[in-house]
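**Student:** Pasting a structure below so you can have a look.
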Number of protein chains: 2
Amino acid sequence: MEIEKEIKQNKFKDEIHKLMINQLFTGKWITNLIAKQLKPFKLTNQQYNVLRILRGQGKNYISVNAISGRMIDKMSNVSRLIDKLVDKKLVVRKVNREDRRQADIAISQKGLDLVNSIEKTEPELKSNFNSLSEGEAKQLNMLLDKLRS
Amino acid sequence: MEIEKEIKQNKFKDEIHKLMINQLFTGKWITNLIAKQLKPFKLTNQQYNVLRILRGQGKNYISVNAISGRMIDKMSNVSRLIDKLVDKKLVVRKVNREDRRQADIAISQKGLDLVNSIEKTEPELKSNFNSLSEGEAKQLNMLLDKLRS
DNA sequence: ATACATTATTTGTATCTACATATATTTGCT
DNA sequence: AGCAAATATATGTAGATACAAATAATGTAT
C-alpha cells in the first residue's frame with residue numbers, strides 16, 4: 001500500500017519529508033516481520049542479532065564492544081542482552097586474561113543449534129520480499145547507502 | 001557509508017538479506033536524527049508524532065483510535081502516550097458524549113506553540129538528506145512502497 | 001611509581017514496545 | 001428488556017532503548 005494510505009496522510013510537505021516517514025514505516029514493517037519469525041523461539045530481534053554475530057565468529061570469543069560495533073542497533077545495551085542470553089545458556093561469557101576489564105563472549109552449542117533451526121524458517125520471511133526484482137533490490141540498497149552519505 | 005562497513009559485515013547471503021539489514025539500519029539512523037532534533041524540547045519521537053497528527057486536525061478532537069491509525073508506529077500505546085502529553089498540558093482529553101467508551105483528544109495552544117517552534121529546526125534535520133536528488137527521493141519512495149506490497 | 005586520563009563494561013532510571021488481559025460501554029439478537 | 005458479542009480504551013508485564021553515571025582496569029606522562 002502507498003505510504004499515504006498506510007498512515008492516512010494524503011499529502012506531505014515535500015518528497016524528503018515523505019521519504020523520512022516512508023523509511024521509518026518500512027523499517028518498522030520489517031522489524032515486525034522478524035519479531036513474528038522469532039516469536040516461537042522466544043528470542044527478541046536484538047538477541048537474535050547478537051547470536052548471528054557470534055555465529056559469524058565461529059565459536060571464537062569476542063568482546064562486548066566488538067559485538068556492539070557489529071549490531072544493527074548500535075544503541076542496544078549489549079551487557080544486558082548478553083545477561084539474558086547467558087541465562088538461557090545460548091552464549092558463554094568469560095573475563096579476558098590480558099585485559100580484565102573486557103568480557104569475552106562466544107556462542108554455545110545450544111545457541112548454534114537454535115540459530116540454525118531459526119534459519120530454516122528464512123524462506124517464509126523472505127516470501128514477504130517477492131515484490132522486488134533482484135535489480136530493484138540492488139537499486140534500493142544503493143539509494144539507501146547514498147541517503148545516509 | 002556502505003552498509004557493509006556500518007555493521008562490519010563484508011558479505012551478505014543475498015541482495016534481499018542485505019536489503020533487510022540496510023533498511024533496518026537506515027530506519028534507525030533516521031529515528032536517531034529525529035530524536036536528536038527533539039531532545040532540547042524534551043519530546044520523544046512518538047509524542048511528537050501524536051502532536052503533529054493532532055495539529056493536522058486543527059484544534060478538533062479526535063479519538064485515540066483515530067490517532068493510532070495515523071501513527072507511523074501502529075503498535076505505540078497511545079493511551080499512555082496521551083497520559084504523558086496531558087501531564088505536560090500539551091493536549092486535552094475528554095470523554096465523548098455520544099460514546100462514553102471513547103476518549104477524544106485535541107492539541108492545546110501550548111502544544112501548538114511547541115510543535116511550531118520545533119518546526120523551525122526542520123532545516124537542520126533536512127540538511128542530513130541533501131545527498132539525494134528530488135528524483136532519487138521519488139524513486140526511493142516508489143521502491144519502498146513496492147517493497148511492502 | 002603515582003596520579004590522571006582513557007577504555008570496557010555494568011548499572012540505574014525513565015520511557016517505549018509488544019502483547020495479553022481487564023474494564024467499561026455500546027450494539028445486535030431474541 | 002436481557003444478554004452475548006463487539007468495540008474503545010486502559011492496565012500489567014517483560015524486555016528494549018537512550019542516556020547518564022558508576023565501577024574497574026589499563027595506559028601514559030612526568
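Naming works like this for the C-alpha cells: A, B, ... for the chains as they're shown, residue 1 at the start of each chain, ligands 1 onward in shown order.
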Write out as a ChimeraX atom specification all residues of region 3-130 of chain A that DSSP puts in strand (DSSP E or B) for this structure's backbone.

**Tutor:** /A:62-63,91-95,103-107

**Student:** Keeping N, CA, C and O atoms, export the residues of the selection given above as a PDB file, in the first residue's frame.

**Tutor:**
ATOM      1  N   ILE A  62      34.481 -13.039  21.332  1.00  0.00           N
ATOM      2  CA  ILE A  62      34.757 -11.633  21.005  1.00  0.00           C
ATOM      3  C   ILE A  62      34.195 -10.755  22.127  1.00  0.00           C
ATOM      4  O   ILE A  62      33.328 -11.169  22.880  1.00  0.00           O
ATOM      5  N   SER A  63      34.711  -9.525  22.182  1.00  0.00           N
ATOM      6  CA  SER A  63      34.341  -8.628  23.280  1.00  0.00           C
ATOM      7  C   SER A  63      32.946  -8.042  23.080  1.00  0.00           C
ATOM      8  O   SER A  63      32.414  -8.014  21.967  1.00  0.00           O
ATOM      9  N   VAL A  91      24.791 -18.404  25.120  1.00  0.00           N
ATOM     10  CA  VAL A  91      26.158 -17.888  24.962  1.00  0.00           C
ATOM     11  C   VAL A  91      26.926 -18.101  26.256  1.00  0.00           C
ATOM     12  O   VAL A  91      26.342 -18.373  27.304  1.00  0.00           O
ATOM     13  N   VAL A  92      28.254 -17.972  26.149  1.00  0.00           N
ATOM     14  CA  VAL A  92      29.124 -18.113  27.304  1.00  0.00           C
ATOM     15  C   VAL A  92      29.922 -16.822  27.467  1.00  0.00           C
ATOM     16  O   VAL A  92      30.370 -16.238  26.478  1.00  0.00           O
ATOM     17  N   ARG A  93      30.068 -16.374  28.710  1.00  0.00           N
ATOM     18  CA  ARG A  93      30.837 -15.154  28.962  1.00  0.00           C
ATOM     19  C   ARG A  93      32.021 -15.485  29.868  1.00  0.00           C
ATOM     20  O   ARG A  93      31.878 -16.226  30.842  1.00  0.00           O
ATOM     21  N   LYS A  94      33.196 -14.939  29.539  1.00  0.00           N
ATOM     22  CA  LYS A  94      34.336 -15.095  30.445  1.00  0.00           C
ATOM     23  C   LYS A  94      35.181 -13.825  30.442  1.00  0.00           C
ATOM     24  O   LYS A  94      35.148 -13.045  29.496  1.00  0.00           O
ATOM     25  N   VAL A  95      35.914 -13.625  31.501  1.00  0.00           N
ATOM     26  CA  VAL A  95      36.771 -12.442  31.611  1.00  0.00           C
ATOM     27  C   VAL A  95      38.030 -12.665  30.794  1.00  0.00           C
ATOM     28  O   VAL A  95      38.626 -13.742  30.822  1.00  0.00           O
ATOM     29  N   ALA A 103      34.985  -8.318  28.745  1.00  0.00           N
ATOM     30  CA  ALA A 103      34.231  -9.574  28.816  1.00  0.00           C
ATOM     31  C   ALA A 103      34.211 -10.185  27.424  1.00  0.00           C
ATOM     32  O   ALA A 103      33.892  -9.511  26.451  1.00  0.00           O
ATOM     33  N   ASP A 104      34.584 -11.435  27.330  1.00  0.00           N
ATOM     34  CA  ASP A 104      34.590 -12.107  26.036  1.00  0.00           C
ATOM     35  C   ASP A 104      33.427 -13.083  25.957  1.00  0.00           C
ATOM     36  O   ASP A 104      33.156 -13.827  26.903  1.00  0.00           O
ATOM     37  N   ILE A 105      32.775 -13.065  24.789  1.00  0.00           N
ATOM     38  CA  ILE A 105      31.537 -13.817  24.631  1.00  0.00           C
ATOM     39  C   ILE A 105      31.657 -14.762  23.437  1.00  0.00           C
ATOM     40  O   ILE A 105      32.249 -14.411  22.418  1.00  0.00           O
ATOM     41  N   ALA A 106      31.109 -15.950  23.581  1.00  0.00           N
ATOM     42  CA  ALA A 106      31.036 -16.881  22.443  1.00  0.00           C
ATOM     43  C   ALA A 106      29.678 -17.567  22.454  1.00  0.00           C
ATOM     44  O   ALA A 106      29.005 -17.639  23.496  1.00  0.00           O
ATOM     45  N   ILE A 107      29.279 -18.056  21.298  1.00  0.00           N
ATOM     46  CA  ILE A 107      28.011 -18.775  21.203  1.00  0.00           C
ATOM     47  C   ILE A 107      28.224 -20.211  21.694  1.00  0.00           C
ATOM     48  O   ILE A 107      29.292 -20.788  21.502  1.00  0.00           O
TER      49      ILE A 107
END

**Student:** Find the residues in chain D near chain B: any atom within 8 Å counts, using only C-alpha atoms (C1' of nucleotides). Write them as an mmCIF file with C-alpha atoms (C1' of nucleotides), in the first residue's frame.

**Tutor:**
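Output (selection32.cif):
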data_model
loop_
_atom_site.group_PDB
_atom_site.id
_atom_site.type_symbol
_atom_site.label_atom_id
_atom_site.label_comp_id
_atom_site.auth_asym_id
_atom_site.auth_seq_id
_atom_site.Cartn_x
_atom_site.Cartn_y
_atom_site.Cartn_z
ATOM 1 C "C1'" DA D 8 -12.735 1.661 22.738
ATOM 2 C "C1'" DT D 9 -9.597 2.367 25.911
ATOM 3 C "C1'" DA D 10 -6.691 1.317 29.885
#

**Student:** When the cut-off is 10 Å and we count only C-alpha atoms (C1' of nucleotides), which residues of chain C are near chain B, given as a list of chain:residue names?

**Tutor:**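 On the chain C side, the interface is C:DT15, C:DC16, C:DT17, C:DA18, C:DC19, C:DA24, C:DT25, C:DT26.
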
**Student:** Could the residues in this selection be written to a file with N, CA, C and O atoms (P, O5', C5', C4', C3', O3' and C1' of nucleotides), as an mmCIF file, in the first residue's frame?

**Tutor:**
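Final output, part13.cif:
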data_model
loop_
_atom_site.group_PDB
_atom_site.id
_atom_site.type_symbol
_atom_site.label_atom_id
_atom_site.label_comp_id
_atom_site.auth_asym_id
_atom_site.auth_seq_id
_atom_site.Cartn_x
_atom_site.Cartn_y
_atom_site.Cartn_z
ATOM 1 P P DT C 15 9.388 9.489 32.363
ATOM 2 O "O5'" DT C 15 9.388 8.780 30.927
ATOM 3 C "C5'" DT C 15 10.343 9.170 29.954
ATOM 4 C "C4'" DT C 15 10.341 8.147 28.849
ATOM 5 C "C3'" DT C 15 8.933 7.775 28.339
ATOM 6 O "O3'" DT C 15 8.891 8.091 26.957
ATOM 7 C "C1'" DT C 15 10.270 5.858 28.651
ATOM 8 P P DC C 16 7.571 7.846 26.098
ATOM 9 O "O5'" DC C 16 7.923 6.498 25.331
ATOM 10 C "C5'" DC C 16 9.135 6.420 24.603
ATOM 11 C "C4'" DC C 16 9.267 5.039 24.006
ATOM 12 C "C3'" DC C 16 8.009 4.541 23.295
ATOM 13 O "O3'" DC C 16 8.427 4.053 22.031
ATOM 14 C "C1'" DC C 16 8.748 2.949 24.870
ATOM 15 P P DT C 17 7.368 3.437 20.972
ATOM 16 O "O5'" DT C 17 7.476 1.883 21.267
ATOM 17 C "C5'" DT C 17 8.718 1.233 21.075
ATOM 18 C "C4'" DT C 17 8.519 -0.259 21.191
ATOM 19 C "C3'" DT C 17 7.295 -0.805 20.441
ATOM 20 O "O3'" DT C 17 7.756 -1.919 19.709
ATOM 21 C "C1'" DT C 17 7.270 -1.503 22.699
ATOM 22 P P DA C 18 6.831 -2.589 18.571
ATOM 23 O "O5'" DA C 18 6.248 -3.857 19.341
ATOM 24 C "C5'" DA C 18 7.150 -4.829 19.834
ATOM 25 C "C4'" DA C 18 6.360 -5.871 20.566
ATOM 26 C "C3'" DA C 18 5.047 -6.260 19.897
ATOM 27 O "O3'" DA C 18 5.032 -7.661 19.833
ATOM 28 C "C1'" DA C 18 4.656 -5.673 22.144
ATOM 29 P P DC C 19 3.891 -8.427 19.017
ATOM 30 O "O5'" DC C 19 2.987 -8.962 20.210
ATOM 31 C "C5'" DC C 19 3.626 -9.657 21.284
ATOM 32 C "C4'" DC C 19 2.709 -9.673 22.472
ATOM 33 C "C3'" DC C 19 1.242 -10.013 22.141
ATOM 34 O "O3'" DC C 19 0.891 -11.153 22.882
ATOM 35 C "C1'" DC C 19 1.395 -8.265 23.689
ATOM 36 P P DA C 24 -15.041 -0.929 35.477
ATOM 37 O "O5'" DA C 24 -15.634 -0.184 34.205
ATOM 38 C "C5'" DA C 24 -14.863 0.820 33.569
ATOM 39 C "C4'" DA C 24 -15.543 1.188 32.272
ATOM 40 C "C3'" DA C 24 -17.064 1.286 32.402
ATOM 41 O "O3'" DA C 24 -17.436 2.553 31.910
ATOM 42 C "C1'" DA C 24 -16.461 -0.081 30.556
ATOM 43 P P DT C 25 -18.942 3.050 31.939
ATOM 44 O "O5'" DT C 25 -19.377 2.787 30.427
ATOM 45 C "C5'" DT C 25 -18.647 3.419 29.388
ATOM 46 C "C4'" DT C 25 -19.140 2.869 28.070
ATOM 47 C "C3'" DT C 25 -20.645 2.962 27.856
ATOM 48 O "O3'" DT C 25 -20.844 3.911 26.821
ATOM 49 C "C1'" DT C 25 -19.764 0.886 27.119
ATOM 50 P P DT C 26 -22.275 4.283 26.297
ATOM 51 O "O5'" DT C 26 -22.419 3.310 25.041
ATOM 52 C "C5'" DT C 26 -21.426 3.363 24.009
ATOM 53 C "C4'" DT C 26 -21.661 2.256 23.016
ATOM 54 C "C3'" DT C 26 -23.053 2.215 22.395
ATOM 55 O "O3'" DT C 26 -22.869 2.228 20.983
ATOM 56 C "C1'" DT C 26 -22.414 0.074 23.130
#

**Student:** Using DSSP on the backbone coordinates, identify all residues within chain B classified as alpha helix (DSSP H); present the result as number ranges by chain.

**Tutor:** B: 3-6, 15-38, 45-56, 64-70, 78-87, 109-119, 122-126, 134-147

**Student:** Restrict the distance test to only C-alpha atoms, flag each residue of chain B within 6 Å of chain A, and return the flagged residues as a PyMOL selection string.

**Tutor:** chain B and resi 1-2+7-8+19+23-25+27+70+72+131-132+141+145+147+149

**Student:** Just write the chosen residues, all heavy atoms, as a CSV table (one decimal), in the first residue's frame.

**Tutor:**
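Final output, saved to part36.csv:
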chain,number,residue,atom,x,y,z
B,1,MET,N,28.1,5.9,4.3
B,1,MET,CA,29.0,4.7,4.3
B,1,MET,C,28.2,3.5,3.8
B,1,MET,O,27.0,3.5,4.1
B,1,MET,CB,29.5,4.4,5.7
B,1,MET,CG,30.9,3.7,5.8
B,1,MET,SD,31.3,3.1,7.4
B,1,MET,CE,31.2,4.6,8.4
B,2,GLU,N,28.8,2.6,3.2
B,2,GLU,CA,28.1,1.4,2.7
B,2,GLU,C,27.7,0.6,4.0
B,2,GLU,O,28.4,0.6,5.0
B,2,GLU,CB,29.0,0.6,1.8
B,2,GLU,CG,29.1,1.2,0.4
B,2,GLU,CD,30.2,0.6,-0.3
B,2,GLU,OE1,30.8,-0.4,0.1
B,2,GLU,OE2,30.6,1.1,-1.4
B,7,ILE,N,28.2,-2.0,9.7
B,7,ILE,CA,28.0,-3.1,10.6
B,7,ILE,C,29.1,-4.1,10.5
B,7,ILE,O,29.0,-5.2,11.1
B,7,ILE,CB,26.6,-3.7,10.6
B,7,ILE,CG1,26.4,-4.4,9.2
B,7,ILE,CG2,25.5,-2.7,10.8
B,7,ILE,CD1,25.3,-5.4,9.2
B,8,LYS,N,30.2,-3.7,9.8
B,8,LYS,CA,31.4,-4.6,9.8
B,8,LYS,C,31.1,-6.0,9.3
B,8,LYS,O,31.6,-7.0,9.8
B,8,LYS,CB,32.1,-4.6,11.1
B,8,LYS,CG,32.5,-3.3,11.7
B,8,LYS,CD,33.2,-3.4,13.0
B,8,LYS,CE,33.7,-2.1,13.6
B,8,LYS,NZ,32.7,-1.1,13.7
B,19,LEU,N,19.2,-6.1,1.9
B,19,LEU,CA,18.2,-5.0,1.9
B,19,LEU,C,17.5,-4.9,3.3
B,19,LEU,O,17.3,-3.8,3.8
B,19,LEU,CB,17.2,-5.3,0.8
B,19,LEU,CG,16.0,-4.3,0.7
B,19,LEU,CD1,16.5,-2.9,0.6
B,19,LEU,CD2,15.2,-4.7,-0.5
B,23,GLN,N,17.8,-1.6,5.4
B,23,GLN,CA,16.5,-0.9,5.7
B,23,GLN,C,16.4,-0.7,7.2
B,23,GLN,O,16.0,0.4,7.6
B,23,GLN,CB,15.4,-1.8,5.2
B,23,GLN,CG,14.0,-1.2,5.4
B,23,GLN,CD,13.9,0.1,4.6
B,23,GLN,OE1,14.4,0.3,3.5
B,23,GLN,NE2,13.2,1.1,5.2
B,24,LEU,N,16.6,-1.7,8.0
B,24,LEU,CA,16.6,-1.6,9.4
B,24,LEU,C,17.6,-0.5,9.9
B,24,LEU,O,17.3,0.3,10.8
B,24,LEU,CB,16.9,-2.9,10.1
B,24,LEU,CG,15.8,-4.0,9.9
B,24,LEU,CD1,16.3,-5.3,10.5
B,24,LEU,CD2,14.5,-3.6,10.6
B,25,PHE,N,18.8,-0.6,9.4
B,25,PHE,CA,19.8,0.3,9.8
B,25,PHE,C,19.5,1.8,9.5
B,25,PHE,O,19.6,2.7,10.3
B,25,PHE,CB,21.1,-0.1,9.1
B,25,PHE,CG,22.3,0.7,9.7
B,25,PHE,CD1,23.0,0.3,10.8
B,25,PHE,CD2,22.7,1.9,9.0
B,25,PHE,CE1,24.0,1.1,11.3
B,25,PHE,CE2,23.8,2.6,9.5
B,25,PHE,CZ,24.5,2.2,10.6
B,27,GLY,N,16.4,3.0,8.9
B,27,GLY,CA,15.3,3.4,9.8
B,27,GLY,C,15.8,3.9,11.1
B,27,GLY,O,15.4,5.0,11.6
B,70,ARG,N,-3.2,6.7,12.4
B,70,ARG,CA,-2.4,7.7,11.7
B,70,ARG,C,-0.9,7.6,12.1
B,70,ARG,O,-0.1,8.3,11.5
B,70,ARG,CB,-2.9,9.1,11.9
B,70,ARG,CG,-4.2,9.4,11.1
B,70,ARG,CD,-4.8,10.7,11.5
B,70,ARG,NE,-5.9,11.1,10.6
B,70,ARG,CZ,-7.2,10.5,10.7
B,70,ARG,NH1,-7.4,9.6,11.6
B,70,ARG,NH2,-8.1,10.9,9.8
B,72,ILE,N,2.9,6.4,12.7
B,72,ILE,CA,4.0,5.6,12.0
B,72,ILE,C,4.1,4.3,12.6
B,72,ILE,O,4.2,3.3,12.0
B,72,ILE,CB,5.3,6.4,12.0
B,72,ILE,CG1,5.1,7.7,11.2
B,72,ILE,CG2,6.4,5.6,11.3
B,72,ILE,CD1,6.3,8.7,11.4
B,131,SER,N,22.0,14.4,0.2
B,131,SER,CA,22.7,13.6,-0.7
B,131,SER,C,21.9,13.0,-1.8
B,131,SER,O,22.4,12.6,-2.8
B,131,SER,CB,23.4,12.5,0.1
B,131,SER,OG,22.4,11.8,0.9
B,132,LEU,N,20.6,13.1,-1.7
B,132,LEU,CA,19.7,12.6,-2.7
B,132,LEU,C,19.1,13.7,-3.5
B,132,LEU,O,18.7,14.7,-2.9
B,132,LEU,CB,18.6,11.7,-2.2
B,132,LEU,CG,18.9,10.3,-1.6
B,132,LEU,CD1,17.7,9.6,-1.3
B,132,LEU,CD2,19.8,9.5,-2.5
B,141,ASN,N,11.1,6.4,-2.6
B,141,ASN,CA,9.7,6.3,-2.1
B,141,ASN,C,8.9,5.2,-2.9
B,141,ASN,O,8.2,4.4,-2.3
B,141,ASN,CB,9.0,7.6,-2.2
B,141,ASN,CG,9.1,8.5,-1.0
B,141,ASN,OD1,9.1,8.0,0.1
B,141,ASN,ND2,9.4,9.8,-1.2
B,145,ASP,N,7.5,1.7,-1.3
B,145,ASP,CA,6.1,1.3,-1.4
B,145,ASP,C,6.0,-0.1,-2.0
B,145,ASP,O,5.2,-1.0,-1.6
B,145,ASP,CB,5.3,2.3,-2.2
B,145,ASP,CG,5.0,3.6,-1.4
B,145,ASP,OD1,5.3,3.6,-0.2
B,145,ASP,OD2,4.6,4.6,-2.0
B,147,LEU,N,8.2,-2.4,-2.2
B,147,LEU,CA,8.8,-3.5,-1.3
B,147,LEU,C,7.7,-4.0,-0.4
B,147,LEU,O,7.6,-5.3,-0.1
B,147,LEU,CB,9.9,-2.8,-0.4
B,147,LEU,CG,10.5,-3.7,0.7
B,147,LEU,CD1,11.1,-4.9,0.2
B,147,LEU,CD2,11.5,-2.9,1.5
B,149,SER,N,4.5,-4.1,-0.8
B,149,SER,CA,3.3,-4.5,-1.5
B,149,SER,C,3.2,-6.0,-1.7
B,149,SER,O,4.2,-6.7,-1.7
B,149,SER,CB,3.1,-3.8,-2.8
B,149,SER,OG,4.1,-4.3,-3.7

**Student:** Grab the CA of Arg55 (chain A) to CA of Lys39 (chain A) distance for me, in Å with one decimal place.

**Tutor:**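 For CA of Arg55 (chain A) relative to CA of Lys39 (chain A), the distance reads 20.0 Å.
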
**Student:** To one decimal place in Å, what is the distance between C1' of DA18 (chain D) and CA of Lys89 (chain A)?

**Tutor:**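 Straight-line distance from C1' of DA18 (chain D) to CA of Lys89 (chain A) works out to 27.3 Å.
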
**Student:** Find, counting only C-alpha atoms, the residue in B:Arg97, B:Lys11, B:Lys42, B:Lys120 that gets nearest to Leu85 (chain B).

**Tutor:**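 Closest to Leu85 (chain B) of all the choices is B:Lys42.
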
**Student:** Rounded to one decimal place, report the CA of Lys59 (chain B)-CA of Gln37 (chain B) distance in Å.

**Tutor:** 24.5 Å

**Student:** Nearest to DT17 (chain D) among C:DA14, C:DG28, C:DA8, C:DA22, with distances taken over only C-alpha atoms (C1' of nucleotides): which residue is it?

**Tutor:** C:DA14
